[in-house]
Amino acid sequence: MDYLVILLLQIGSAVASLVLMSIGLAVIFGMMRVINLAHGEFLMLGGYAAITAFNHGVNLWLAMVVVAPLAVGLFGAVVERLVIRHLYGRLIDTMLATWGLSLAMIGFVTVVFGNTVSGISAPLGSLSIGAYRTGAYEIFLIGVAVLLLVAGWLVLRFTRYGLIARGTMQNPAMAAALGTNPSAVYAVTFAVGSALSGLAGGLLAPLSGVVPTIGAAYIAKAFITVISGGAAILSGTAIAATLLGAINTLATFAFTSVLGEVALLVAAVVLLRLLPQGITGRFFRRAL
Amino acid sequence: MLDIRGLSSGYHKIPIIFGVSFQVAAGEFVGILGHNGMGKTTLLRTIVGQLPATAGAIRFAGSDIAHAPTHRRARLGLGYVPQGRQIFPGLSVLDNMRMAAASAGLGDSVLDGVLDALPRLRSILGRPGGVLSGGEQQILALARCLCAEPKLILLDEPTEGIQPSIIEEIIEILQRLKGERGVTIVLVEQNLDFIRRLSDRVLIIQKGRMTGEIPPDHLGDDELVAEFVGMSAH
Amino acid sequence: MINRRKLLRASAAGAAGLAAGPFVIRDLHAEDAVKIAGIHDTSGGLDIYGKQMVATLDLAVNEVNESGGLLGRKIQLINYDPQSNIQLYTQYATEAATKEKVAVVHGGITSASREAIRPLLKRFNTLYFYNTLYEGGVCDRNIFCTGSTPAQTVEKLVPYVQKKWGKKIYTIAADYNYGQITAKWVKKYAQDNGGEVVQTDFFPLDVTDFGPTVKKIQAAKPDLVMSALVGAAHISFYRQWAAAGMNKQIPLASTTFGNEIVITSPEEHNGYIVAFGYLEGIDTPANKKFVEIVHGKYGIPHMTELATMTYHGLHLWADAVKKANSLDRVKVIEALEGGASYDGPAGKTTIDAKTHHDILDVYIGEARDKKFVVLEKFAQQQPADTQAVCDLKKSPNENKQYVIDVKT
Amino acid sequence: MKAGRVKAGPVKAGRMALAGNLAVLAAGLAALFGLPAFAETYLIINSTIFAAFAILALSLALIWGYAGILCFGQAAFFGLGGYTYAVAAINMGETTLPALMAVLLPALFAGLLGYFMFWGRISDVYLGVITLTVSLIFYRFVNQTAGEQWNIGDAPLGGFNGIPSTPILNWPGRAGDQLAPEDIFALSVGLLLAVYFGCKLLLATRFGRILVAIRENETRAELLGYDVRLYKLAIFMLGGAMAGLSGLLFANSVFVSPTMFSLPVSGQIIIWIIIGGLGTLIGPVIGCILMQVLTNWLGTVSQIKGFGWVDPNLVLGVLLVIFVLLVPRGLTGLAAGVWSWLKGLANRAPAERSATREQTDP
Amino acid sequence: MTTSSTTASSTGSSTARPLLQTRGLTMRFGGVVAVDHVDFTLQERELRCVIGPNGAGKSTFFKCLTGQLVPSEGDVLYRGTPIAGSGSHRIARLGVGIKTQVPNVFDGLSARDNVWIAAAKVAPGRAAERRTDEAMARVGIAAIGHRLVGQLAHGQRQLVELAMVIAPEPDLILLDEPAAGMTDEEVDRLVDLIAELNRSHALVVVEHDMQFIRRIARIVTVFHQGAVLIEGGVAAILTNEQVRDVYLGKQAASPPHASRGEVSAQRTEGS
């Protein structure tokens, strides 16, 4: 019984971390058809922002929840202005340019911070479930993932910005003809997506630590989750993360962590073959 | 209200319209009649800003908009009901309208007035735009345009692929708009009957050039009809 | 086609130079300086180690130069950064040996990088020092391996922690040769000592999610966890282990938890017990001075065995050159084989002529507030694992890495 | 969206093309016979690796530049070629058959993967994700084969460390009689020339012309009765075979390790092509060699005091962004642009003269 | 101009197997029914014109025939073989060629290469070259063979596409608005070409330009709101009040399904 609870909790935690590490990418891809291959480095930057702020005396929660998203959001706005804006509608080119950006960011952070920035330990302590102990912070992250999805849904569904963003995403030319400035929407969206990546990077830092190359551990999983999810930003990410996270965890528990990872990757390949437009490309097409 | 002089444009390097000039006064309903491929849609898309003008001037409500971005033209009060309707498929009917109001910087309060004018939409407010029939989409496209409270509406072939009963309804709506609200409208069509029943005056576009103007009641003329449709039995 | 011998002769005779050579700032004595090369990853995933190895190599070279140089000449150090890319190791080793004609190459971090350049340097008759702790088994007269091997550290660590904490061990190890073989030694010594390894899990070097593992370990209820995790990604384990509060529940010992102490916090690592051929907390004047210099002048926050043995390695080589009074490779090798020894920050390290590995002091230490405190020292431990498979005195022409078969 | 970024111009009039081909051939032959006579050993070793990589560059240049298939996991075939050779050679002793297998197996695997993708109508970014994922699966798998249970016959897969004891090719039929490094060099450069001109020939055949047509407009090709999937499959398999060949040569100049399958390898091929110019064959080869030389140089310069900021990642990344934004047609496109600009300058003088004459003559 | 003349094929014995037949062909996009239960029959070597106002479903109908779209319902039979849902290339190999509404050409290739690609599908080596030259000569684009198609004018691109369609000599040629964007001389040549092609090929031509229809048509099918409104000889159709009303957008037009029963009668009358 305890084991079952702990297993479910672990699945929840795997799903939550997939959601966290892909949500920023999903927003940017879903709204703008831009794949940000520097996404992993955006997360990395979020981690560095949080840790640097913390090491300078900022309250840990403030560092993770405010400083990290703000810093990366600003950085995203600059990147949008300098690079992304010139490549709209050229999916492959944006992928290449952001990949270059990813290399440059790794190099830059290495030069600035070096490789031995001390991390922060996970707050909140641990708690017991029957005979097992688990980090309370992991449960907190599950909560944050759910909160982010719900908040995202509320924003898209009920706010003016959400409405305009959804309309622009479906038909930018028509949105412009109605008076919306699509490039402004894109700029805001990119900044918001970046800020979400920063938030996720900050929140994940206590568990994974930060080194300049940590982005590589995130990007492939995030990329695969988002594409498997398909067009719908939130439900796509949520469904794909749930599916892949559950498969990964179950296979890890049953076999080894490598097989868990391989099972995740194989599942994604099969999924894309069966549903070439992703899960929400076929089902739940009108979802958010 | 709208003053177009020597306007040329086209797709990529292929020129489609050549030095088109015409004027529309406030409150006027101008029909532009032309066959397929004569440049009607290109003309409207150039006015809206979706295609760049290669030459000429567009003045609207007192400002030169020939090189303004699309959204700025829309904010100036240029409304557009495009060919093929371009409904946001994933938004509900209500959200399609709210999107328009929001894009124009208006509140949801405008919606009621529009729904009063187009009561048919009230019963389908919650349905996604993508599942509507062609006729319903056309009415929605019109409603969406109205939600931005435009000074001038550009209508691109609203009868295309639409059932006759709905066409009749659209005619009634447009007549009412013209009468009650005094909206200025430019309509491009190849549907003679439709254009005749609505327009104050009718311009003819042929191969990307404005070739003439005729009073709408002449459109009933058998000779002209036969020539236009090409069905005259010589 | 030109045959190989002719080619080598041509290059030995010094054929035309090339424009695309490395960018070297030459000092005044460059013309008659003794060139040596360092090949360490200072960018890419391994730079955390590479940077400090470059620093200590530089320190050692400066020391030799300041004390009069070698054979009346200065040492000129040429550094290459292979960027954690195996193929660049190949290219740089060839360049160092045939273009720069260096007297010795120090370098290589992973076993893969060592195996990429070891055959090349042998072919080009260039002496090679590999200063990293590794899985053991290399048997080649042209190479000297100054780092510790699992038999040296695990043999001491396992009985120590079993006595302290209990017999049941859960091993988690990096999934590559070092981790695999370390896990085997852990199992062997655990059993020799009357205990058992309840489970062994291997993790590829880029795994960051250890959530399921933390739970699996709890389900297995071991007395202690033995970690041979390696690299940046694996630091996540220690964080997630502590986040679940497990570091207070099940103790942990490791032969790899080294530089990780800088990145993790005291709450996360206090109480971990490790075994290395060097610990920063060694309480000797030599080490204190060494640590002060690398912290201060080079800005390295924490010294590891890799960097310290690199320092030892350079001094071992320099002493041997002096002893041989020649840069001739064979003479230097013979001098090293003749019981060459260097007493430095890591204590006394002596070359084992049979295996060309170090006989070194093994330290057991405990992590306390970002520092390792030495608990116990085991002097002059033999590289028993490599000795079991390799005897260069008997067969000097050996040229391979043995996979050491651990009988459990 | 088609994966093609910039469409290639039409095949240039015969004389220019012939001159270009002759120049490439001359450069290749000069390298083949000149280098061993004059150059130092390290340059020969480096050139061997460059040649192996140039074949890898051509493999993607062909399928991406001419068939519009952007494969983000070309490293999968590269690694598969290397590992196939290493494992087979260790087990068989004689290396001729293993060398053939190193080309065939990746081709067959590409066939399998291609069938899976093209018959599922997968394209664009989805194709990118699948190929990338497949190469990741290989990487993950091979990376964890350090244990003894992963020995294939006599060959330990070796996990992260790879197979350092990868055997060197022997002369066909003479097991144990290994090729010397300069023989490997000659083989690599010779094969590079063969592959380069083979691609040129292929593109001039019916198959090649149809392939380019498919890149230009898949729908039209289908409406003309071409089974687009078959053509894509064939070229994808050929690309796989070329990448496998490259892996074989790499295994002979370095040795096989899991990094062959890694994302940075796939990515670096894409960089070569972007820098060199998509839709050409010579561009990616030039891009490959330039980037290799640059990487090599960065590894030495960043070690000099005062140059610590020269982080190779930083330099390569910024370079890639600049090329995508400002030089989208790569170096070959840039060269062509400069050339036609110069020609324009040369032609303008007489044109201006005649223009003034027209004006003055009423 | 022309009075309706009887063609052998259209009045051929009713037992002869038609070249192309659709039964209840329907294509829906979301809530929009683009093609609505179309029954359409075409005999060997028949020339059929399809007219109808914008949005009547003509192009969608063509896409269903060529496999670019998989119909929601109904059958397409080509010489008795069901082809609905087959791949485009399979249908093309059966001998169906199409010139699409928006020119579908290889922009990055020369005009001659474009046509050669088409010819090479059915003819090897020399024969392909010969066919290429023939097709280009027939269409009158031999002079622009070396030019990049992407840089040609719209009308010329249309001609290149036409040459691509006829080069493999398909049994059935579908032309979607072939005259759009052409100069008068080009249209004249097109009219002659269609007549000449019709001696050995079946054709279906979709066109808006009534003058053009009048010059080429014998039997005309009128689409309206996705369905067949009426079908008959060109003279009859062009004088038909109902057609005229539909075309003019007059509201008098009766719902399309009501007229279905008249089709055969009117058709007989027309031919």
# chains A, B, ... in the order shown; residues from 1 in each chain; ligands from 1
$ interface_residues --of "chain D" --to "chain C" --cutoff "6 Å" --atoms "only C-alpha atoms" --output "PyMOL selection string"
chain D and resi 40+42+46+144+146+159-161+164+299-301+303
$ residues_around --residues "Glu148 in chain D" --least-positions-apart "5" --cutoff "9 Å" --atoms "only C-alpha atoms" --output "list in words"
Pro156, Leu157 and Gly158 of chain D
$ interface_residues --of "chain D" --to "chain E" --cutoff "9 Å" --atoms "only C-alpha atoms" --output "short mmCIF file (atom, residue, chain, number, x, y, z; two decimals) with N, CA and C atoms, in the first residue's frame"
data_model
loop_
_atom_site.label_atom_id
_atom_site.label_comp_id
_atom_site.auth_asym_id
_atom_site.auth_seq_id
_atom_site.Cartn_x
_atom_site.Cartn_y
_atom_site.Cartn_z
N LYS D 7 16.34 27.77 -52.02
CA LYS D 7 16.31 26.86 -53.16
C LYS D 7 17.57 27.03 -53.99
N ALA D 8 18.05 25.92 -54.45
CA ALA D 8 19.25 25.96 -55.27
C ALA D 8 18.88 26.53 -56.63
N GLY D 9 19.79 27.21 -57.21
CA GLY D 9 19.56 27.72 -58.54
C GLY D 9 19.59 26.56 -59.52
N PRO D 10 19.35 26.84 -60.78
CA PRO D 10 19.40 25.77 -61.76
C PRO D 10 20.85 25.36 -61.96
N VAL D 11 21.01 24.19 -62.51
CA VAL D 11 22.37 23.76 -62.77
C VAL D 11 23.00 24.77 -63.72
N ARG D 206 18.30 10.63 -63.88
CA ARG D 206 16.84 10.76 -63.79
C ARG D 206 16.42 10.79 -62.32
N ARG D 209 17.30 14.08 -60.64
CA ARG D 209 16.47 15.21 -61.09
C ARG D 209 15.08 15.12 -60.50
N ILE D 210 14.56 13.90 -60.43
CA ILE D 210 13.23 13.73 -59.85
C ILE D 210 13.25 14.07 -58.36
N VAL D 212 15.11 16.27 -56.85
CA VAL D 212 15.08 17.72 -56.68
C VAL D 212 13.66 18.23 -56.96
N ALA D 213 13.01 17.63 -57.95
CA ALA D 213 11.64 18.03 -58.24
C ALA D 213 10.75 17.78 -57.02
N ILE D 214 10.96 16.64 -56.38
CA ILE D 214 10.15 16.32 -55.19
C ILE D 214 10.39 17.35 -54.09
N ARG D 215 11.66 17.75 -53.94
CA ARG D 215 11.94 18.79 -52.95
C ARG D 215 11.18 20.07 -53.30
N GLU D 216 11.13 20.37 -54.60
CA GLU D 216 10.48 21.61 -55.03
C GLU D 216 8.98 21.57 -54.81
N ASN D 217 8.36 20.46 -55.14
CA ASN D 217 6.90 20.38 -55.03
C ASN D 217 6.46 18.93 -54.95
N GLU D 218 6.25 18.50 -53.74
CA GLU D 218 5.90 17.10 -53.52
C GLU D 218 4.55 16.75 -54.15
N THR D 219 3.59 17.65 -53.98
CA THR D 219 2.25 17.39 -54.50
C THR D 219 2.30 17.17 -56.00
N ARG D 220 3.01 18.05 -56.71
CA ARG D 220 3.05 17.92 -58.16
C ARG D 220 3.71 16.61 -58.56
N ALA D 221 4.77 16.26 -57.86
CA ALA D 221 5.44 15.00 -58.20
C ALA D 221 4.47 13.83 -58.04
N GLU D 222 3.67 13.87 -56.99
CA GLU D 222 2.69 12.80 -56.79
C GLU D 222 1.65 12.81 -57.89
N LEU D 223 1.21 14.00 -58.26
CA LEU D 223 0.16 14.10 -59.29
C LEU D 223 0.68 13.65 -60.64
N LEU D 224 2.00 13.60 -60.79
CA LEU D 224 2.57 13.10 -62.03
C LEU D 224 2.77 11.59 -61.97
N GLY D 225 2.49 10.99 -60.82
CA GLY D 225 2.57 9.54 -60.72
C GLY D 225 3.81 9.03 -60.01
N TYR D 226 4.64 9.94 -59.48
CA TYR D 226 5.81 9.47 -58.76
C TYR D 226 5.44 9.09 -57.33
N ASP D 227 5.91 7.94 -56.90
CA ASP D 227 5.69 7.56 -55.51
C ASP D 227 6.77 8.24 -54.68
N VAL D 228 6.43 9.40 -54.17
CA VAL D 228 7.39 10.25 -53.47
C VAL D 228 8.08 9.50 -52.33
#
$ atom_distance --atom1 "CA of Leu4 in chain A" --atom2 "CA of Thr171 in chain C"
23.9 Å
$ interface_residues --of "chain A" --to "chain B" --cutoff "8 Å" --atoms "only C-alpha atoms" --output "PDB file with C-alpha atoms, in the first residue's frame"
ATOM      1  CA  ARG A 160      -8.409  39.527 -22.742  1.00  0.00           C
ATOM      2  CA  LEU A 163      -8.386  35.603 -26.074  1.00  0.00           C
ATOM      3  CA  ILE A 164      -6.203  37.730 -28.294  1.00  0.00           C
ATOM      4  CA  ARG A 166      -5.593  32.327 -28.991  1.00  0.00           C
ATOM      5  CA  GLY A 167      -7.040  34.214 -31.929  1.00  0.00           C
ATOM      6  CA  GLN A 170      -5.141  30.458 -35.029  1.00  0.00           C
ATOM      7  CA  ASN A 171      -4.979  33.109 -37.721  1.00  0.00           C
ATOM      8  CA  ALA A 173      -3.406  37.657 -40.573  1.00  0.00           C
ATOM      9  CA  MET A 174      -7.035  37.866 -39.564  1.00  0.00           C
ATOM     10  CA  ALA A 175      -6.143  38.982 -36.065  1.00  0.00           C
ATOM     11  CA  ALA A 176      -4.139  41.808 -37.605  1.00  0.00           C
ATOM     12  CA  ALA A 177      -7.084  42.743 -39.799  1.00  0.00           C
ATOM     13  CA  LEU A 178      -9.127  43.106 -36.617  1.00  0.00           C
ATOM     14  CA  GLY A 179      -6.596  45.468 -35.043  1.00  0.00           C
ATOM     15  CA  THR A 180      -4.313  43.155 -33.085  1.00  0.00           C
ATOM     16  CA  ASN A 181      -0.610  43.631 -33.637  1.00  0.00           C
ATOM     17  CA  ARG A 285      -8.246  19.661 -31.147  1.00  0.00           C
ATOM     18  CA  ARG A 286     -10.235  22.533 -29.794  1.00  0.00           C
ATOM     19  CA  ALA A 287      -8.756  22.311 -26.342  1.00  0.00           C
TER      20      ALA A 287
END
$ interface_residues --of "chain D" --to "chain A" --cutoff "8 Å" --atoms "only C-alpha atoms" --output "PyMOL selection string"
chain D and resi 3+5+116-117+120-122+125-126+129-130+133-134+136-137+140-141+144+308-309+311-321+324-325
$ select_by_dssp --residues "range 16-150 of chain C" --states "alpha helix (DSSP H)" --output "PyMOL selection string"
chain C and resi 47-66+86-94+111-123+150
$ atom_distance --atom1 "CA of Arg329 in chain C" --atom2 "CA of Ser395 in chain C"
18.2 Å
$ atom_distance --atom1 "CA of Asp200 in chain B" --atom2 "CA of Gly31 in chain B"
7.5 Å
$ residues_around --residues "Leu140 in chain B" --least-positions-apart "4" --cutoff "10 Å" --atoms "only C-alpha atoms" --output "list in words"
Val81, Arg85, Ile87, Val93, Leu94, Asn96, Met97, Leu115, Leu118, Arg120, Leu121, Leu125, Gly129, Leu132, Gly134, Gly135, Glu136, Arg144, Cys145 and Leu146 of chain B
$ select_by_dssp --residues "range 183-225 of chain E" --states "strand (DSSP E)" --output "ChimeraX atom specification"
/E:202-206,219-224
$ write_last_selection --atoms "N, CA and C atoms" --output "short mmCIF file (atom, residue, chain, number, x, y, z; two decimals), in the first residue's frame"
data_model
loop_
_atom_site.label_atom_id
_atom_site.label_comp_id
_atom_site.auth_asym_id
_atom_site.auth_seq_id
_atom_site.Cartn_x
_atom_site.Cartn_y
_atom_site.Cartn_z
N ALA E 202 -9.89 12.05 -72.82
CA ALA E 202 -11.05 12.62 -72.15
C ALA E 202 -10.60 13.83 -71.35
N LEU E 203 -11.41 14.87 -71.30
CA LEU E 203 -11.06 16.05 -70.53
C LEU E 203 -12.21 16.51 -69.66
N VAL E 204 -11.86 17.01 -68.48
CA VAL E 204 -12.84 17.75 -67.68
C VAL E 204 -12.23 19.11 -67.43
N VAL E 205 -12.97 20.15 -67.83
CA VAL E 205 -12.43 21.50 -67.69
C VAL E 205 -13.32 22.30 -66.75
N VAL E 206 -12.73 22.83 -65.71
CA VAL E 206 -13.45 23.74 -64.84
C VAL E 206 -13.07 25.15 -65.25
N ILE E 219 -20.78 19.18 -73.54
CA ILE E 219 -21.64 18.90 -72.39
C ILE E 219 -21.13 19.70 -71.20
N VAL E 220 -22.05 20.29 -70.47
CA VAL E 220 -21.66 21.11 -69.33
C VAL E 220 -22.37 20.60 -68.08
N THR E 221 -21.59 20.49 -67.01
CA THR E 221 -22.18 20.14 -65.71
C THR E 221 -22.10 21.39 -64.84
N VAL E 222 -23.22 21.72 -64.20
CA VAL E 222 -23.24 22.91 -63.37
C VAL E 222 -23.23 22.50 -61.90
N PHE E 223 -22.21 22.98 -61.18
CA PHE E 223 -22.15 22.75 -59.75
C PHE E 223 -22.75 23.94 -59.02
N HIS E 224 -23.43 23.63 -57.94
CA HIS E 224 -23.95 24.70 -57.11
C HIS E 224 -24.01 24.19 -55.68
#
$ residues_around --residues "Leu105 in chain D" --least-positions-apart "3" --cutoff "8 Å" --atoms "only C-alpha atoms" --output "ChimeraX atom specification"
/D:80-81,84,101-102,108-109,241,244
$ closest_residue --among "A:Leu207, A:Val185, A:Leu25, A:Val34" --to "Ile219 in chain A" --atoms "only C-alpha atoms"
A:Leu25
$ closest_atom_pairs --of "chain A" --to "chain C" --cutoff "9 Å" --atoms "only C-alpha atoms" --output "JSON lines"
{"residue": "A:Tyr3", "atom": "CA", "partner": "C:Ala219", "partner_atom": "CA", "distance": 8.1}
{"residue": "A:Ile6", "atom": "CA", "partner": "C:Lys215", "partner_atom": "CA", "distance": 7.5}
{"residue": "A:Leu7", "atom": "CA", "partner": "C:Pro212", "partner_atom": "CA", "distance": 8.1}
{"residue": "A:Gln10", "atom": "CA", "partner": "C:Pro212", "partner_atom": "CA", "distance": 6.5}
{"residue": "A:Ile11", "atom": "CA", "partner": "C:Pro212", "partner_atom": "CA", "distance": 8.9}
{"residue": "A:Ser13", "atom": "CA", "partner": "C:Gly211", "partner_atom": "CA", "distance": 8.1}
{"residue": "A:Ala14", "atom": "CA", "partner": "C:Gly211", "partner_atom": "CA", "distance": 8.1}
{"residue": "A:Ile106", "atom": "CA", "partner": "C:Gly44", "partner_atom": "CA", "distance": 8.8}
{"residue": "A:Gly107", "atom": "CA", "partner": "C:Ser43", "partner_atom": "CA", "distance": 8.1}
{"residue": "A:Thr110", "atom": "CA", "partner": "C:Ser43", "partner_atom": "CA", "distance": 8.0}
{"residue": "A:Gly114", "atom": "CA", "partner": "C:Ile48", "partner_atom": "CA", "distance": 8.2}
{"residue": "A:Asn115", "atom": "CA", "partner": "C:Ile48", "partner_atom": "CA", "distance": 5.6}
{"residue": "A:Thr116", "atom": "CA", "partner": "C:Ile263", "partner_atom": "CA", "distance": 6.3}
{"residue": "A:Val117", "atom": "CA", "partner": "C:Ile263", "partner_atom": "CA", "distance": 6.2}
{"residue": "A:Ser118", "atom": "CA", "partner": "C:Ile263", "partner_atom": "CA", "distance": 3.8}
{"residue": "A:Gly119", "atom": "CA", "partner": "C:Ile263", "partner_atom": "CA", "distance": 5.4}
{"residue": "A:Ile120", "atom": "CA", "partner": "C:Ser265", "partner_atom": "CA", "distance": 6.9}
{"residue": "A:Ser121", "atom": "CA", "partner": "C:Ser265", "partner_atom": "CA", "distance": 6.4}
{"residue": "A:Ala122", "atom": "CA", "partner": "C:Ala243", "partner_atom": "CA", "distance": 5.5}
{"residue": "A:Pro123", "atom": "CA", "partner": "C:Ala243", "partner_atom": "CA", "distance": 7.6}
{"residue": "A:Leu124", "atom": "CA", "partner": "C:Ala243", "partner_atom": "CA", "distance": 8.3}
{"residue": "A:Gly125", "atom": "CA", "partner": "C:Ala243", "partner_atom": "CA", "distance": 6.2}
{"residue": "A:Ser126", "atom": "CA", "partner": "C:Ala244", "partner_atom": "CA", "distance": 4.9}
{"residue": "A:Leu127", "atom": "CA", "partner": "C:Ala244", "partner_atom": "CA", "distance": 7.3}
{"residue": "A:Ser128", "atom": "CA", "partner": "C:Ala244", "partner_atom": "CA", "distance": 8.9}
{"residue": "A:Ala131", "atom": "CA", "partner": "C:Gln218", "partner_atom": "CA", "distance": 8.2}
{"residue": "A:Tyr132", "atom": "CA", "partner": "C:Gln218", "partner_atom": "CA", "distance": 6.4}
{"residue": "A:Arg133", "atom": "CA", "partner": "C:Ala244", "partner_atom": "CA", "distance": 5.8}
{"residue": "A:Thr134", "atom": "CA", "partner": "C:Ala244", "partner_atom": "CA", "distance": 4.2}
{"residue": "A:Gly135", "atom": "CA", "partner": "C:Ala244", "partner_atom": "CA", "distance": 3.7}
{"residue": "A:Ala136", "atom": "CA", "partner": "C:Ala244", "partner_atom": "CA", "distance": 7.2}
{"residue": "A:Tyr137", "atom": "CA", "partner": "C:Ala243", "partner_atom": "CA", "distance": 7.1}
{"residue": "A:Glu138", "atom": "CA", "partner": "C:Ala243", "partner_atom": "CA", "distance": 8.2}
{"residue": "A:Pro206", "atom": "CA", "partner": "C:Arg239", "partner_atom": "CA", "distance": 7.0}
{"residue": "A:Leu207", "atom": "CA", "partner": "C:Arg239", "partner_atom": "CA", "distance": 5.5}
{"residue": "A:Ser208", "atom": "CA", "partner": "C:Ser236", "partner_atom": "CA", "distance": 4.5}
{"residue": "A:Gly209", "atom": "CA", "partner": "C:Ser236", "partner_atom": "CA", "distance": 6.3}
{"residue": "A:Val210", "atom": "CA", "partner": "C:Ala232", "partner_atom": "CA", "distance": 8.4}
{"residue": "A:Val211", "atom": "CA", "partner": "C:Ala232", "partner_atom": "CA", "distance": 6.9}
{"residue": "A:Pro212", "atom": "CA", "partner": "C:Gly45", "partner_atom": "CA", "distance": 8.4}
{"residue": "A:Thr213", "atom": "CA", "partner": "C:Gly45", "partner_atom": "CA", "distance": 6.5}
{"residue": "A:Ile214", "atom": "CA", "partner": "C:Ala233", "partner_atom": "CA", "distance": 7.2}
{"residue": "A:Ala216", "atom": "CA", "partner": "C:Asp206", "partner_atom": "CA", "distance": 8.7}
{"residue": "A:Ala217", "atom": "CA", "partner": "C:Asp206", "partner_atom": "CA", "distance": 6.7}
{"residue": "A:Thr249", "atom": "CA", "partner": "C:Pro212", "partner_atom": "CA", "distance": 7.0}
{"residue": "A:Thr252", "atom": "CA", "partner": "C:Pro212", "partner_atom": "CA", "distance": 6.9}
{"residue": "A:Phe253", "atom": "CA", "partner": "C:Pro212", "partner_atom": "CA", "distance": 6.4}
{"residue": "A:Thr256", "atom": "CA", "partner": "C:Asp201", "partner_atom": "CA", "distance": 7.3}
{"residue": "A:Ser257", "atom": "CA", "partner": "C:Phe203", "partner_atom": "CA", "distance": 6.8}
{"residue": "A:Val258", "atom": "CA", "partner": "C:Phe203", "partner_atom": "CA", "distance": 7.0}
$ residues_around --residues "Gly226 in chain E" --least-positions-apart "6" --cutoff "7 Å" --atoms "only C-alpha atoms" --output "count of residues only"
6
